[in-house]
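Coordinates from query.txt are shown below (compact mmCIF, C-alpha atoms).
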```txt
# COMPACT_ATOMS: atom_id res chain seq x y z
CA MET A 1 -40.92 7.68 15.38
CA ASN A 2 -37.28 7.26 16.37
CA HIS A 3 -35.14 9.75 14.38
CA GLN A 4 -31.87 9.15 16.24
CA PRO A 5 -29.99 6.88 13.81
CA PHE A 6 -31.11 8.99 10.83
CA GLU A 7 -30.08 12.27 12.49
CA THR A 8 -26.72 10.73 13.34
CA TRP A 9 -26.27 9.55 9.76
CA LEU A 10 -27.20 12.99 8.38
CA LEU A 11 -24.65 14.75 10.58
CA ALA A 12 -21.90 12.12 10.22
CA ASP A 13 -18.76 12.90 8.23
CA GLU A 14 -18.04 9.27 7.37
CA PRO A 15 -19.58 7.68 4.27
CA LEU A 16 -22.55 5.40 4.96
CA THR A 17 -22.84 1.78 3.97
CA PRO A 18 -25.13 1.15 0.98
CA GLN A 19 -27.71 -0.41 3.29
CA ALA A 20 -27.69 2.60 5.66
CA GLN A 21 -27.82 4.98 2.66
CA ARG A 22 -30.98 3.25 1.34
CA ALA A 23 -32.60 3.34 4.78
CA LEU A 24 -31.79 7.05 5.12
CA GLN A 25 -33.22 7.90 1.68
CA ASP A 26 -36.40 5.94 2.44
CA HIS A 27 -36.78 7.76 5.76
CA LEU A 28 -36.14 11.19 4.20
CA GLN A 29 -39.02 10.68 1.74
CA THR A 30 -41.49 10.28 4.59
CA CYS A 31 -40.08 12.44 7.46
CA THR A 32 -40.29 16.25 7.16
CA ASP A 33 -38.22 16.84 10.33
CA CYS A 34 -35.27 14.96 8.90
CA GLN A 35 -35.74 16.72 5.52
CA HIS A 36 -35.46 20.09 7.30
CA LEU A 37 -32.43 18.85 9.22
CA GLN A 38 -30.75 17.73 5.99
CA ALA A 39 -31.49 21.05 4.27
CA SER A 40 -30.24 23.04 7.27
CA TRP A 41 -27.09 20.94 7.57
CA SER A 42 -26.36 21.35 3.85
CA GLU A 43 -26.74 25.11 4.21
CA VAL A 44 -24.41 25.16 7.23
CA LEU A 45 -21.79 23.16 5.32
CA SER A 46 -22.03 25.46 2.30
CA ARG A 47 -21.63 28.52 4.54
CA PHE A 48 -18.54 26.98 6.12
CA GLN A 49 -17.06 26.39 2.67
CA THR A 50 -17.88 29.88 1.35
CA ALA A 51 -17.02 31.83 4.50
CA PRO A 52 -13.91 34.00 4.21
CA GLU A 53 -10.87 32.96 6.17
CA PRO A 54 -10.75 34.92 9.43
CA GLN A 55 -7.92 37.43 9.70
CA PRO A 56 -6.15 38.34 12.93
CA ALA A 57 -6.95 41.66 14.55
CA PRO A 58 -4.65 44.54 13.59
CA GLY A 59 -1.41 44.40 15.55
CA PHE A 60 -2.03 40.84 16.75
CA VAL A 61 1.28 39.49 15.45
CA ALA A 62 3.29 42.31 17.03
CA ARG A 63 1.48 41.88 20.37
CA TRP A 64 1.97 38.12 20.26
CA GLN A 65 5.68 38.44 19.48
CA GLN A 66 6.09 41.02 22.26
CA ARG A 67 4.33 38.73 24.72
CA LEU A 68 6.54 35.82 23.58
CA ASP A 69 9.67 37.95 24.03
CA ASP A 70 8.52 39.01 27.51
CA HIS A 71 7.79 35.40 28.45
CA ARG A 72 11.21 34.24 27.23
CA ARG A 73 12.95 37.04 29.13
CA ARG A 74 11.09 36.14 32.32
CA MET A 75 11.95 32.45 31.91
CA GLU A 76 15.63 33.17 31.23
CA ARG A 77 15.80 35.53 34.21
CA ARG A 78 14.09 32.94 36.42
CA GLN A 79 16.55 30.26 35.28
CA ALA A 80 19.53 32.54 35.91
CA LEU A 81 18.28 33.48 39.37
CA LEU A 82 17.60 29.83 40.17
CA PHE A 83 21.12 28.92 39.03
CA ILE A 84 22.64 31.67 41.16
CA ALA A 85 20.47 30.75 44.16
CA ILE A 86 21.39 27.07 43.94
CA ASN A 87 25.10 27.90 43.68
CA ALA A 88 24.93 30.43 46.53
CA GLY A 89 23.03 27.94 48.68
CA GLY A 90 25.57 25.23 47.93
CA MET A 91 28.47 27.52 48.77
CA ALA A 92 26.77 28.63 52.00
CA PHE A 93 26.20 24.99 52.95
CA ILE A 94 29.83 24.08 52.27
CA LEU A 95 31.01 27.15 54.22
CA LEU A 96 28.76 26.17 57.13
CA LEU A 97 30.18 22.64 57.11
CA PHE A 98 33.71 24.02 57.00
CA LEU A 99 33.03 26.37 59.92
CA LEU A 100 31.48 23.54 61.92
CA LEU A 101 34.53 21.36 61.27
CA VAL A 102 36.83 24.20 62.30
CA ALA A 103 34.80 24.89 65.45
CA VAL A 104 34.77 21.21 66.44
CA SER A 105 38.48 20.68 65.79
CA PHE A 106 39.61 23.27 68.36
CA ASP A 107 39.28 23.04 72.11
CA SER A 108 39.13 26.77 72.79
CA PRO A 109 38.84 30.07 70.91
CA LEU A 110 42.45 30.82 71.81
CA ALA A 111 43.62 27.69 69.99
CA TRP A 112 41.55 28.75 66.98
CA LEU A 113 43.07 32.26 66.99
CA LEU A 114 46.60 30.86 67.27
CA SER A 115 45.94 28.47 64.40
CA MET A 116 44.47 31.24 62.23
CA SER A 117 47.41 33.56 62.91
CA LYS A 118 49.84 30.75 62.06
CA HIS A 119 48.01 30.05 58.78
CA LEU A 120 47.91 33.77 57.91
CA ALA A 121 51.66 34.02 58.54
CA ILE A 122 52.23 31.01 56.26
CA LEU A 123 49.98 32.57 53.59
CA PHE A 124 51.86 35.88 53.68
CA ALA A 125 55.21 34.05 53.53
CA MET A 126 54.01 32.07 50.50
CA LEU A 127 52.82 35.26 48.78
CA GLU A 128 56.19 36.88 49.41
CA ALA A 129 58.00 33.81 48.01
CA ILE A 130 55.75 33.82 44.94
CA GLY A 131 56.49 37.54 44.48
CA HIS A 132 60.26 36.91 44.59
CA ALA A 133 59.92 34.00 42.14
CA ALA A 134 57.79 36.13 39.79
CA ARG A 135 60.39 38.91 39.80
CA ILE A 136 63.16 36.42 39.02
CA ILE A 137 61.12 34.80 36.23
CA ALA A 138 60.15 38.23 34.87
CA ALA A 139 63.80 39.17 34.57
CA PHE A 140 64.49 36.13 32.36
CA MET A 141 61.33 36.28 30.18
CA PRO A 142 61.49 38.28 26.95
CA LEU A 143 58.93 41.03 26.31
CA SER A 144 57.24 39.02 23.54
CA TRP A 145 56.34 36.30 26.05
CA TRP A 146 54.77 38.88 28.36
CA ILE A 147 52.74 40.24 25.46
CA GLY A 148 51.61 36.71 24.56
CA LEU A 149 50.61 35.96 28.16
CA LEU A 150 48.72 39.26 28.33
CA GLN A 151 46.89 38.44 25.09
CA ALA A 152 45.98 34.97 26.36
CA GLY A 153 44.67 36.49 29.59
CA VAL A 154 42.59 39.06 27.69
CA LEU A 155 41.18 36.32 25.43
CA LEU A 156 40.27 34.16 28.43
CA LEU A 157 38.61 37.16 30.08
CA ALA A 158 36.64 37.93 26.89
CA LEU A 159 35.56 34.29 26.60
CA TRP A 160 34.41 34.32 30.20
CA LEU A 161 32.48 37.59 29.70
CA CYS A 162 30.79 36.23 26.56
CA SER A 163 29.71 33.06 28.34
CA VAL A 164 28.37 35.04 31.31
CA GLN A 165 26.50 37.37 28.96
CA LYS A 166 25.02 34.47 27.00
CA PHE A 167 23.88 32.71 30.16
CA LEU A 168 22.66 35.58 32.31
CA LEU A 169 21.41 38.21 29.87
CA PRO A 170 18.21 37.58 27.89
CA ARG A 171 18.40 36.84 24.20
CA ARG A 172 16.52 38.94 21.69
CA VAL A 173 14.10 37.31 19.25
CA SER A 174 14.38 38.55 15.70
CA SER A 175 11.30 38.65 13.54
```
Structure translated into structure tokens:
Amino acid sequence: MNHQPFETWLLADEPLTPQAQRALQDHLQTCTDCQHLQASWSEVLSRFQTAPEPQPAPGFVARWQQRLDDHRRRMERRQALLFIAINAGGMAFILLLFLLLVAVSFDSPLAWLLSMSKHLAILFAMLEAIGHAARIIAAFMPLSWWIGLLQAGVLLLALWLCSVQKFLLPRRVSS
């Protein structure tokens, strides 16, 4: 005898149609295999309902949180290193392009050295002019302005340090 539809109906979670319910009841009255299956399945369902809820092993939550913290730290470190590597690679690429442009723009190394010495002389002259201008401006600025500029500089430095710390250093997870 073919028990397949009856076994499927016995183990199904969905309610049966009235017609299928009658056919199943008729079959259960004559088939001992399906009667045993129904009794066993009922016992399994009752054991599932009366079984105590499983509890985690001792220390599971602490181990899980520690593993989560470690994973987050590794991910944040990986992201920071990737960010630094991408920026360093970009800067190296731009520097390489700049050096290639400089090398191509000069006919000989002597022309390059003369150009570099000229630019260094201009740079030092500009720094000297800026120094003279700063001394003149400093003589006309009151002390309160200097204190305000110093405070603004310290605040900008603190803001920069906080943003670097937030981006590069791992965050702690509170429980």
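Distance-wise, atom CA of Leu159 of chain A and atom CA of Arg73 of chain A end up 22.9 Å apart.
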Inset, instruction - Compare A:Ala20, A:Met116, A:Gly131, A:Gly90 by their minimum atom-to-atom distance to Val102 of chain A, counting only C-alpha atoms, and give me the closest one. - result: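 Nearest candidate to Val102 of chain A out of A:Ala20, A:Met116, A:Gly131, A:Gly90: A:Met116.
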Inset, instruction - Could you jot down the atom CA of Leu11 of chain A to atom CA of Trp41 of chain A separation for me, Å, one decimal place? - result: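 Taking atom CA of Leu11 of chain A and atom CA of Trp41 of chain A, their separation equals 7.3 Å.
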Legend entry - For Trp9 of chain A: contacts at 12 Å, all atoms listed in the file, fewer than 2 positions along chain excluded, given as a PyMOL selection string: chain A and resi 3-7+11-17+19-25+27-28+34+37-38+41
Legend entry - Separation of atom CA of Trp160 of chain A from atom CA of Arg72 of chain A, in Å and rounded to one decimal: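 Between these atoms lies a distance of 23.4 Å.
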